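Colleague: The following block contains the structure, expressed as structure tokens.
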Protein chains: 2
Amino acid sequence: MKRDYAKEILAGSPQAVARLISWLEDEDERAYSIMEELYPHTGRAYVIGITGSPGAGKSTLTDKLIRIMRKGGLTVGVVAVDPSSPFTGGALLGDRIRMSDHSTDPEVYIRSMATRGFLGGMAKATCDVVKVLDAFGKDIIIIETVGVGQDEVDIVGLADTTCVVLVPGLGDVIQSMKAGVMEIADVYVVNKADRDGADQLNMEVNARIEQDIHIKMSGWVPPVNKTIAVDNVGMQDLWESILKHRAFLEESGRLVEKRRKQTYQETLRMIHNELFRLIRDQLSEDGRLDRLVEEILERKRDPYSTMREILSEWLDSTPKYKEAL
Amino acid sequence: MKRDYAKEILAGSPQAVARLISWLEDEDERAYSIMEELYPHTGRAYVIGITGSPGAGKSTLTDKLIRIMRKGGLTVGVVAVDPSSPFTGGALLGDRIRMSDHSTDPEVYIRSMATRGFLGGMAKATCDVVKVLDAFGKDIIIIETVGVGQDEVDIVGLADTTCVVLVPGLGDVIQSMKAGVMEIADVYVVNKADRDGADQLNMEVNARIEQDIHIKMSGWVPPVNKTIAVDNVGMQDLWESILKHRAFLEESGRLVEKRRKQTYQETLRMIHNELFRLIRDQLSEDGRLDRLVEEILERKRDPYSTMREILSEWLDSTPKYKEAL
């Protein structure tokens, strides 16, 4: 008899969840019919993004946040897409041992994802896993990722509330705040706040927030929370900042707006990925692209007009799209 | 009279180069006919990738490498796609002043690119800019980028020789070596080698290289160079490592192979980007995607079958592609 994975997941089977996520990672066809079945059961979880440079202490913060959530009776899913995270096996053994606090708690499901794939594959996979954990019944889903690069910005875009973690002395504040971070931060965390330079960093971040005209107009001024996660200092305040942001999103109608935008992006991304698979498979199958590449390498043709030629053939029988070329 | 930008660029006009790159960044149609004209004049430059975490000292290394190249009579182009790079205006003023050593040298052309765009747009733009600087006549083109995230890995894939810069104490070695870095590194740099832990780091990296079966089979064992870029220590050795790798690629026939692969990826990426643009524009124009997203949000439909429906309609008159769905 065929196993009904969707049913098993909705009934709370972590084994079925693990299997489905593996299929999603492998882009196994079997995953998608299950995802279709699960989809109506999604949209209930609240998604928190935690991002920052390697070494900022994101996993310790996540760990302490999970404790607070568990005390409040909330169930938690974690998707770690940070190559530097202990969840992904990237960091020191000590970190991994520390995280294992939650490994025996059935209400906490932790899944790490290896960086992989081509062009936004990571964002797509993360988006799918968030949905699985949502349907699985987790109240809160935490996405942990490194805050550099477009792929990571796309991943953070999946969160309802994004926490940007900064650390004194890493020297990355100004740069990271220029690199699009200000657009994504709902809550700032100055972690390792007992280090030299914490007050200075705090001031700098606040000054930048004050200068930002978009923030002023948005109705939400990101709070800056000082924490020493390793000593459990400031964690309750951080959690309250997150809850305040959630309340703001819900009361202002922004949550609905945000999720509309996310769904729009997600659908486009899915089309994007699938289209790429189609083109790649078809062009490589008949060896045609190999021949064209040879001619391009010999400078007998250029890649730009070649691209238009291939597309034009592709669209030969759909003239309305061809016009746009 | 219409200006002939291709001719101006081939004749050495930096103004024409700047204009073309701006058009490429804006995805301005005018760029592509110029790119077609320039393409036959490309393929001469040698492309060096420099990647590593923020704070690894990539721009100082680049600066010192440029000096060596210039002493050897080589002309240089730099494409900085690192959001934390002083080239992109992200870092401290001191760094920017230091870099301006080369700003009066007409044989050094530096261009920064802001992180932007959706799904791989950065890799495409960088690829185009490398071609422009190649046609412009630069002997060496340096791509500087942060070594985290898939987009960055794709960017580094444009280089002939990739240098991965590590720093003692950043605690990012093991993790970065897991995150696909070992596959892309042709030359390792342990920068800030006067810091505590430099020898340890050196040993760790060498141990990992020795363990790697793929490296053993490849015929090229990445050298590990210790540098203190800020004091100009170890730079000549690093440059010689790069030259050795270049000689290896050329003599073994790997350079041809590598560029074939790059051209293949590039052509595929261009076709994909263009096709995606067509679909996206069409879907957003008639408001159809907005309506579908509404239904997805209401859980009346799911994004997975919606994606297949959209693509299937698109391909309606090209049944052979439809079969692959």
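Chain labels follow the order of the structure tokens: the first chain is A, the next B, and so on; residue numbering restarts at 1 in every chain, and ligands are counted from 1 in their shown order.
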Take chain B, lay it over chain A with a least-squares fit on all the Cα atoms in order, then hand it over as an mmCIF file with C-alpha atoms, in the first residue's frame.

Modeller:
```cif
data_model
loop_
_atom_site.group_PDB
_atom_site.id
_atom_site.type_symbol
_atom_site.label_atom_id
_atom_site.label_comp_id
_atom_site.auth_asym_id
_atom_site.auth_seq_id
_atom_site.Cartn_x
_atom_site.Cartn_y
_atom_site.Cartn_z
ATOM 1 C CA MET B 1 -0.070 -0.048 0.047
ATOM 2 C CA LYS B 2 1.090 3.439 -0.779
ATOM 3 C CA ARG B 3 2.030 5.550 2.224
ATOM 4 C CA ASP B 4 0.095 8.772 2.683
ATOM 5 C CA TYR B 5 2.866 11.147 3.676
ATOM 6 C CA ALA B 6 0.645 14.233 3.842
ATOM 7 C CA LYS B 7 -1.634 12.497 6.314
ATOM 8 C CA GLU B 8 1.311 11.274 8.377
ATOM 9 C CA ILE B 9 2.792 14.766 8.534
ATOM 10 C CA LEU B 10 -0.505 16.324 9.551
ATOM 11 C CA ALA B 11 -0.750 13.634 12.226
ATOM 12 C CA GLY B 12 2.660 14.652 13.546
ATOM 13 C CA SER B 13 5.179 12.157 12.176
ATOM 14 C CA PRO B 14 8.719 13.601 12.181
ATOM 15 C CA GLN B 15 9.872 10.663 10.045
ATOM 16 C CA ALA B 16 7.458 11.627 7.282
ATOM 17 C CA VAL B 17 8.628 15.260 7.554
ATOM 18 C CA ALA B 18 12.259 14.200 7.219
ATOM 19 C CA ARG B 19 11.474 12.093 4.167
ATOM 20 C CA LEU B 20 9.532 14.854 2.448
ATOM 21 C CA ILE B 21 12.275 17.414 3.074
ATOM 22 C CA SER B 22 14.855 15.059 1.601
ATOM 23 C CA TRP B 23 12.725 14.721 -1.493
ATOM 24 C CA LEU B 24 12.388 18.494 -1.723
ATOM 25 C CA GLU B 25 16.166 18.847 -1.462
ATOM 26 C CA ASP B 26 16.653 16.291 -4.206
ATOM 27 C CA GLU B 27 13.908 17.880 -6.317
ATOM 28 C CA ASP B 28 12.240 14.492 -6.308
ATOM 29 C CA GLU B 29 8.906 14.559 -8.172
ATOM 30 C CA ARG B 30 7.133 12.720 -5.335
ATOM 31 C CA ALA B 31 7.463 15.795 -3.120
ATOM 32 C CA TYR B 32 5.119 17.994 -5.110
ATOM 33 C CA SER B 33 1.855 16.107 -4.825
ATOM 34 C CA ILE B 34 2.431 15.952 -1.065
ATOM 35 C CA MET B 35 3.111 19.686 -0.992
ATOM 36 C CA GLU B 36 -0.177 20.293 -2.817
ATOM 37 C CA GLU B 37 -2.021 18.341 -0.147
ATOM 38 C CA LEU B 38 -0.239 20.112 2.687
ATOM 39 C CA TYR B 39 -0.717 23.608 1.332
ATOM 40 C CA PRO B 40 -4.255 24.204 2.664
ATOM 41 C CA HIS B 41 -2.882 23.507 6.156
ATOM 42 C CA THR B 42 -0.235 26.206 5.979
ATOM 43 C CA GLY B 43 -0.266 29.915 6.862
ATOM 44 C CA ARG B 44 -0.653 29.427 10.598
ATOM 45 C CA ALA B 45 2.964 29.527 11.733
ATOM 46 C CA TYR B 46 4.762 32.770 12.470
ATOM 47 C CA VAL B 47 8.116 32.934 10.685
ATOM 48 C CA ILE B 48 11.164 34.614 12.258
ATOM 49 C CA GLY B 49 14.353 35.236 10.298
ATOM 50 C CA ILE B 50 17.685 35.490 12.092
ATOM 51 C CA THR B 51 20.537 36.785 9.998
ATOM 52 C CA GLY B 52 24.023 38.210 10.524
ATOM 53 C CA SER B 53 27.687 37.636 9.785
ATOM 54 C CA PRO B 54 29.452 34.369 10.617
ATOM 55 C CA GLY B 55 30.491 34.566 14.266
ATOM 56 C CA ALA B 56 27.685 36.918 15.266
ATOM 57 C CA GLY B 57 26.248 34.291 17.596
ATOM 58 C CA LYS B 58 23.083 33.554 15.642
ATOM 59 C CA SER B 59 22.795 29.950 16.762
ATOM 60 C CA THR B 60 23.232 30.802 20.443
ATOM 61 C CA LEU B 61 20.532 33.444 20.063
ATOM 62 C CA THR B 62 18.289 30.935 18.335
ATOM 63 C CA ASP B 63 18.922 28.447 21.111
ATOM 64 C CA LYS B 64 17.956 30.904 23.858
ATOM 65 C CA LEU B 65 14.919 32.128 21.934
ATOM 66 C CA ILE B 66 13.721 28.548 21.573
ATOM 67 C CA ARG B 67 13.896 28.162 25.360
ATOM 68 C CA ILE B 68 11.672 31.194 25.871
ATOM 69 C CA MET B 69 9.219 29.992 23.253
ATOM 70 C CA ARG B 70 9.077 26.531 24.757
ATOM 71 C CA LYS B 71 8.423 27.986 28.231
ATOM 72 C CA GLY B 72 5.503 29.829 26.679
ATOM 73 C CA GLY B 73 4.178 26.531 25.326
ATOM 74 C CA LEU B 74 4.999 27.293 21.704
ATOM 75 C CA THR B 75 6.259 24.598 19.356
ATOM 76 C CA VAL B 76 9.220 25.481 17.155
ATOM 77 C CA GLY B 77 10.715 24.551 13.805
ATOM 78 C CA VAL B 78 14.187 25.684 12.755
ATOM 79 C CA VAL B 79 15.524 25.842 9.216
ATOM 80 C CA ALA B 80 19.248 26.576 9.252
ATOM 81 C CA VAL B 81 20.564 27.639 5.859
ATOM 82 C CA ASP B 82 23.659 29.199 7.272
ATOM 83 C CA PRO B 83 26.784 27.446 6.042
ATOM 84 C CA SER B 84 28.541 28.531 9.234
ATOM 85 C CA SER B 85 25.827 27.302 11.555
ATOM 86 C CA PRO B 86 26.326 24.444 13.989
ATOM 87 C CA PHE B 87 22.950 23.151 12.814
ATOM 88 C CA THR B 88 24.499 22.538 9.439
ATOM 89 C CA GLY B 89 27.475 20.883 11.030
ATOM 90 C CA GLY B 90 29.722 23.749 10.090
ATOM 91 C CA ALA B 91 30.969 24.936 13.443
ATOM 92 C CA LEU B 92 32.761 23.652 16.462
ATOM 93 C CA LEU B 93 31.687 20.609 18.388
ATOM 94 C CA GLY B 94 30.941 22.685 21.509
ATOM 95 C CA ASP B 95 28.212 24.544 19.673
ATOM 96 C CA ARG B 96 26.613 21.399 18.470
ATOM 97 C CA ILE B 97 26.542 19.959 21.981
ATOM 98 C CA ARG B 98 24.943 23.123 23.298
ATOM 99 C CA MET B 99 22.221 22.953 20.675
ATOM 100 C CA SER B 100 21.419 19.395 21.538
ATOM 101 C CA ASP B 101 19.496 20.765 24.545
ATOM 102 C CA HIS B 102 16.524 20.719 22.254
ATOM 103 C CA SER B 103 17.324 17.555 20.369
ATOM 104 C CA THR B 104 15.299 15.425 22.773
ATOM 105 C CA ASP B 105 12.323 17.822 22.757
ATOM 106 C CA PRO B 106 9.714 16.473 20.327
ATOM 107 C CA GLU B 107 8.145 19.917 20.021
ATOM 108 C CA VAL B 108 11.314 21.345 18.475
ATOM 109 C CA TYR B 109 12.158 20.257 14.942
ATOM 110 C CA ILE B 110 15.542 21.355 13.592
ATOM 111 C CA ARG B 111 16.515 20.964 9.969
ATOM 112 C CA SER B 112 19.713 22.087 8.347
ATOM 113 C CA MET B 113 20.063 22.755 4.663
ATOM 114 C CA ALA B 114 23.338 22.606 2.818
ATOM 115 C CA THR B 115 24.098 25.457 0.448
ATOM 116 C CA ARG B 116 23.592 24.025 -2.976
ATOM 117 C CA GLY B 117 21.995 24.325 -6.340
ATOM 118 C CA PHE B 118 22.078 26.898 -9.047
ATOM 119 C CA LEU B 119 20.484 30.311 -9.117
ATOM 120 C CA GLY B 120 18.107 30.767 -6.250
ATOM 121 C CA GLY B 121 17.578 27.087 -5.555
ATOM 122 C CA MET B 122 18.232 27.680 -1.887
ATOM 123 C CA ALA B 123 15.445 30.226 -1.490
ATOM 124 C CA LYS B 124 12.978 27.879 -3.161
ATOM 125 C CA ALA B 125 13.982 24.900 -1.010
ATOM 126 C CA THR B 126 13.800 26.962 2.185
ATOM 127 C CA CYS B 127 10.381 28.247 1.246
ATOM 128 C CA ASP B 128 9.151 24.690 0.780
ATOM 129 C CA VAL B 129 10.613 23.511 4.085
ATOM 130 C CA VAL B 130 8.961 26.394 5.949
ATOM 131 C CA LYS B 131 5.635 25.229 4.493
ATOM 132 C CA VAL B 132 6.247 21.656 5.589
ATOM 133 C CA LEU B 133 6.994 22.710 9.178
ATOM 134 C CA ASP B 134 3.972 25.010 9.098
ATOM 135 C CA ALA B 135 1.671 22.162 8.058
ATOM 136 C CA PHE B 136 3.463 19.972 10.596
ATOM 137 C CA GLY B 137 1.932 22.287 13.200
ATOM 138 C CA LYS B 138 4.876 24.304 14.481
ATOM 139 C CA ASP B 139 3.755 27.630 15.986
ATOM 140 C CA ILE B 140 7.013 29.423 15.268
ATOM 141 C CA ILE B 141 9.457 28.748 12.464
ATOM 142 C CA ILE B 142 12.939 30.216 12.682
ATOM 143 C CA ILE B 143 15.027 30.647 9.541
ATOM 144 C CA GLU B 144 18.684 31.118 10.375
ATOM 145 C CA THR B 145 20.950 32.390 7.614
ATOM 146 C CA VAL B 146 24.098 34.386 6.938
ATOM 147 C CA GLY B 147 23.228 37.933 5.977
ATOM 148 C CA VAL B 148 25.380 38.383 2.912
ATOM 149 C CA GLY B 149 24.447 37.847 -0.671
ATOM 150 C CA GLN B 150 21.283 38.008 -2.679
ATOM 151 C CA ASP B 151 20.268 34.410 -2.117
ATOM 152 C CA GLU B 152 20.307 35.058 1.619
ATOM 153 C CA VAL B 153 18.303 38.250 1.246
ATOM 154 C CA ASP B 154 15.698 36.271 -0.700
ATOM 155 C CA ILE B 155 15.626 33.673 2.067
ATOM 156 C CA VAL B 156 15.116 36.308 4.729
ATOM 157 C CA GLY B 157 12.274 37.649 2.597
ATOM 158 C CA LEU B 158 10.353 34.524 3.612
ATOM 159 C CA ALA B 159 10.195 35.700 7.241
ATOM 160 C CA ASP B 160 7.472 37.759 8.905
ATOM 161 C CA THR B 161 9.909 39.315 11.376
ATOM 162 C CA THR B 162 13.598 39.559 10.505
ATOM 163 C CA CYS B 163 16.223 40.017 13.224
ATOM 164 C CA VAL B 164 19.597 41.309 12.082
ATOM 165 C CA VAL B 165 22.385 40.337 14.487
ATOM 166 C CA LEU B 166 25.391 42.653 14.778
ATOM 167 C CA VAL B 167 28.488 42.294 16.960
ATOM 168 C CA PRO B 168 30.890 44.974 18.208
ATOM 169 C CA GLY B 169 34.349 44.727 16.709
ATOM 170 C CA LEU B 170 33.462 42.720 13.628
ATOM 171 C CA GLY B 171 33.696 45.990 11.732
ATOM 172 C CA ASP B 172 30.840 45.021 9.501
ATOM 173 C CA VAL B 173 28.149 47.436 10.601
ATOM 174 C CA ILE B 174 28.412 50.211 8.113
ATOM 175 C CA GLN B 175 28.963 47.819 5.294
ATOM 176 C CA SER B 176 26.143 45.471 6.170
ATOM 177 C CA MET B 177 23.802 48.393 6.626
ATOM 178 C CA LYS B 178 24.662 49.503 3.137
ATOM 179 C CA ALA B 179 24.187 46.115 1.604
ATOM 180 C CA GLY B 180 20.424 46.178 1.751
ATOM 181 C CA VAL B 181 20.245 45.161 5.391
ATOM 182 C CA MET B 182 18.325 48.259 6.396
ATOM 183 C CA GLU B 183 15.529 47.239 4.087
ATOM 184 C CA ILE B 184 15.081 43.849 5.699
ATOM 185 C CA ALA B 185 15.698 44.494 9.429
ATOM 186 C CA ASP B 186 12.588 44.602 11.606
ATOM 187 C CA VAL B 187 14.550 44.134 14.811
ATOM 188 C CA TYR B 188 18.252 44.762 15.415
ATOM 189 C CA VAL B 189 20.275 42.737 17.886
ATOM 190 C CA VAL B 190 23.618 43.968 19.205
ATOM 191 C CA ASN B 191 24.918 40.656 20.513
ATOM 192 C CA LYS B 192 28.028 40.108 22.656
ATOM 193 C CA ALA B 193 27.092 43.457 24.183
ATOM 194 C CA ASP B 194 29.734 43.099 26.900
ATOM 195 C CA ARG B 195 32.430 43.613 24.308
ATOM 196 C CA ASP B 196 34.229 46.888 23.744
ATOM 197 C CA GLY B 197 32.419 49.081 21.297
ATOM 198 C CA ALA B 198 28.907 47.858 22.062
ATOM 199 C CA ASP B 199 27.647 51.312 23.024
ATOM 200 C CA GLN B 200 29.293 52.843 19.993
ATOM 201 C CA LEU B 201 27.688 50.233 17.751
ATOM 202 C CA ASN B 202 24.337 50.812 19.399
ATOM 203 C CA MET B 203 24.589 54.544 18.719
ATOM 204 C CA GLU B 204 25.688 54.048 15.133
ATOM 205 C CA VAL B 205 22.781 51.763 14.359
ATOM 206 C CA ASN B 206 20.284 54.092 16.005
ATOM 207 C CA ALA B 207 21.721 57.059 14.129
ATOM 208 C CA ARG B 208 21.312 55.229 10.832
ATOM 209 C CA ILE B 209 17.764 54.271 11.651
ATOM 210 C CA GLU B 210 16.924 57.889 12.453
ATOM 211 C CA GLN B 211 18.393 59.098 9.165
ATOM 212 C CA ASP B 212 16.394 56.668 7.097
ATOM 213 C CA ILE B 213 13.426 58.289 5.459
ATOM 214 C CA HIS B 214 11.819 54.987 4.437
ATOM 215 C CA ILE B 215 11.771 53.810 8.037
ATOM 216 C CA LYS B 216 10.117 57.023 9.162
ATOM 217 C CA MET B 217 7.373 56.534 6.630
ATOM 218 C CA SER B 218 6.839 52.857 7.336
ATOM 219 C CA GLY B 219 5.297 53.277 10.760
ATOM 220 C CA TRP B 220 7.697 50.807 12.362
ATOM 221 C CA VAL B 221 11.007 51.906 13.835
ATOM 222 C CA PRO B 222 13.224 48.821 14.343
ATOM 223 C CA PRO B 223 14.203 48.520 18.005
ATOM 224 C CA VAL B 224 17.871 47.852 18.791
ATOM 225 C CA ASN B 225 18.224 45.125 21.428
ATOM 226 C CA LYS B 226 21.428 44.547 23.348
ATOM 227 C CA THR B 227 22.040 40.898 24.213
ATOM 228 C CA ILE B 228 24.710 38.583 25.573
ATOM 229 C CA ALA B 229 23.088 35.437 24.272
ATOM 230 C CA VAL B 230 25.669 33.088 25.732
ATOM 231 C CA ASP B 231 24.796 34.376 29.243
ATOM 232 C CA ASN B 232 21.096 34.604 28.480
ATOM 233 C CA VAL B 233 21.155 38.399 28.941
ATOM 234 C CA GLY B 234 18.578 40.534 27.131
ATOM 235 C CA MET B 235 16.793 37.588 25.560
ATOM 236 C CA GLN B 236 13.382 38.294 27.085
ATOM 237 C CA ASP B 237 13.508 41.886 25.787
ATOM 238 C CA LEU B 238 14.435 40.617 22.338
ATOM 239 C CA TRP B 239 11.507 38.216 22.377
ATOM 240 C CA GLU B 240 9.198 41.070 23.355
ATOM 241 C CA SER B 241 10.521 43.181 20.478
ATOM 242 C CA ILE B 242 9.643 40.353 18.132
ATOM 243 C CA LEU B 243 6.166 40.055 19.620
ATOM 244 C CA LYS B 244 5.668 43.818 19.294
ATOM 245 C CA HIS B 245 6.600 43.672 15.635
ATOM 246 C CA ARG B 246 4.195 40.824 15.129
ATOM 247 C CA ALA B 247 1.422 42.816 16.802
ATOM 248 C CA PHE B 248 2.270 45.799 14.607
ATOM 249 C CA LEU B 249 2.075 43.687 11.451
ATOM 250 C CA GLU B 250 -1.210 42.117 12.464
ATOM 251 C CA GLU B 251 -2.940 45.275 13.637
ATOM 252 C CA SER B 252 -1.834 47.412 10.718
ATOM 253 C CA GLY B 253 -2.812 44.838 8.132
ATOM 254 C CA ARG B 254 0.816 44.599 7.049
ATOM 255 C CA LEU B 255 1.047 40.882 7.726
ATOM 256 C CA VAL B 256 -1.554 40.167 5.065
ATOM 257 C CA GLU B 257 0.232 42.544 2.716
ATOM 258 C CA LYS B 258 3.615 40.959 3.438
ATOM 259 C CA ARG B 259 2.333 37.451 2.822
ATOM 260 C CA ARG B 260 0.679 38.535 -0.394
ATOM 261 C CA LYS B 261 4.031 39.822 -1.601
ATOM 262 C CA GLN B 262 5.773 36.653 -0.460
ATOM 263 C CA THR B 263 3.268 34.442 -2.256
ATOM 264 C CA TYR B 264 3.642 36.535 -5.391
ATOM 265 C CA GLN B 265 7.431 36.208 -5.341
ATOM 266 C CA GLU B 266 7.201 32.545 -4.523
ATOM 267 C CA THR B 267 4.838 31.720 -7.358
ATOM 268 C CA LEU B 268 6.952 33.677 -9.788
ATOM 269 C CA ARG B 269 10.073 31.924 -8.535
ATOM 270 C CA MET B 270 8.479 28.508 -8.973
ATOM 271 C CA ILE B 271 7.344 29.211 -12.505
ATOM 272 C CA HIS B 272 10.728 30.557 -13.374
ATOM 273 C CA ASN B 273 12.654 27.635 -11.860
ATOM 274 C CA GLU B 274 10.485 25.100 -13.604
ATOM 275 C CA LEU B 275 10.650 26.803 -16.967
ATOM 276 C CA PHE B 276 14.385 27.170 -16.682
ATOM 277 C CA ARG B 277 14.698 23.497 -15.833
ATOM 278 C CA LEU B 278 12.752 22.634 -18.976
ATOM 279 C CA ILE B 279 14.950 24.757 -21.211
ATOM 280 C CA ARG B 280 18.167 23.596 -19.604
ATOM 281 C CA ASP B 281 17.266 19.935 -19.895
ATOM 282 C CA GLN B 282 16.229 20.291 -23.482
ATOM 283 C CA LEU B 283 19.346 22.252 -24.447
ATOM 284 C CA SER B 284 21.744 19.873 -22.775
ATOM 285 C CA GLU B 285 19.954 16.753 -23.934
ATOM 286 C CA ASP B 286 20.458 17.219 -27.641
ATOM 287 C CA GLY B 287 23.985 18.576 -27.164
ATOM 288 C CA ARG B 288 22.961 21.822 -28.794
ATOM 289 C CA LEU B 289 24.248 24.059 -26.014
ATOM 290 C CA ASP B 290 27.621 22.288 -26.161
ATOM 291 C CA ARG B 291 27.915 23.124 -29.835
ATOM 292 C CA LEU B 292 26.851 26.733 -29.314
ATOM 293 C CA VAL B 293 29.339 27.120 -26.466
ATOM 294 C CA GLU B 294 32.119 25.861 -28.743
ATOM 295 C CA GLU B 295 31.231 28.517 -31.307
ATOM 296 C CA ILE B 296 31.088 31.196 -28.617
ATOM 297 C CA LEU B 297 34.519 30.151 -27.341
ATOM 298 C CA GLU B 298 35.892 30.389 -30.874
ATOM 299 C CA ARG B 299 34.362 33.870 -31.055
ATOM 300 C CA LYS B 300 32.304 32.777 -34.052
ATOM 301 C CA ARG B 301 29.266 34.018 -32.197
ATOM 302 C CA ASP B 302 28.593 35.958 -29.007
ATOM 303 C CA PRO B 303 26.598 34.801 -25.983
ATOM 304 C CA TYR B 304 24.169 37.740 -26.131
ATOM 305 C CA SER B 305 22.683 37.125 -29.548
ATOM 306 C CA THR B 306 22.897 33.361 -28.906
ATOM 307 C CA MET B 307 20.707 33.749 -25.855
ATOM 308 C CA ARG B 308 18.128 35.698 -27.835
ATOM 309 C CA GLU B 309 18.217 33.132 -30.619
ATOM 310 C CA ILE B 310 17.572 30.244 -28.237
ATOM 311 C CA LEU B 311 14.738 31.986 -26.454
ATOM 312 C CA SER B 312 13.240 33.167 -29.684
ATOM 313 C CA GLU B 313 13.122 29.617 -31.068
ATOM 314 C CA TRP B 314 11.611 28.427 -27.858
ATOM 315 C CA LEU B 315 8.864 30.941 -28.084
ATOM 316 C CA ASP B 316 8.420 30.475 -31.798
ATOM 317 C CA SER B 317 4.884 29.316 -31.560
ATOM 318 C CA THR B 318 3.868 31.767 -28.868
ATOM 319 C CA PRO B 319 4.360 35.034 -30.729
ATOM 320 C CA LYS B 320 2.965 37.265 -28.017
ATOM 321 C CA TYR B 321 5.879 36.451 -25.740
ATOM 322 C CA LYS B 322 8.336 36.799 -28.559
ATOM 323 C CA GLU B 323 7.410 40.432 -29.028
ATOM 324 C CA ALA B 324 8.862 41.165 -25.620
ATOM 325 C CA LEU B 325 12.331 39.957 -26.619
#
```

Colleague: Within segment 17-67 of chain A, find each residue whose DSSP state, derived from the backbone, is alpha helix (DSSP H), and express the selection as a PyMOL selection string.

Modeller: chain A and resi 17-25+30-38+58-67

Colleague: Could you pull out the strand (DSSP E) residues of segment 134-274 of chain A from DSSP and send them as JSON, numbers by chain?

Modeller: {"A": [140, 141, 142, 143, 144, 145, 146, 161, 162, 163, 164, 165, 166, 187, 188, 189, 190, 224, 225, 226]}
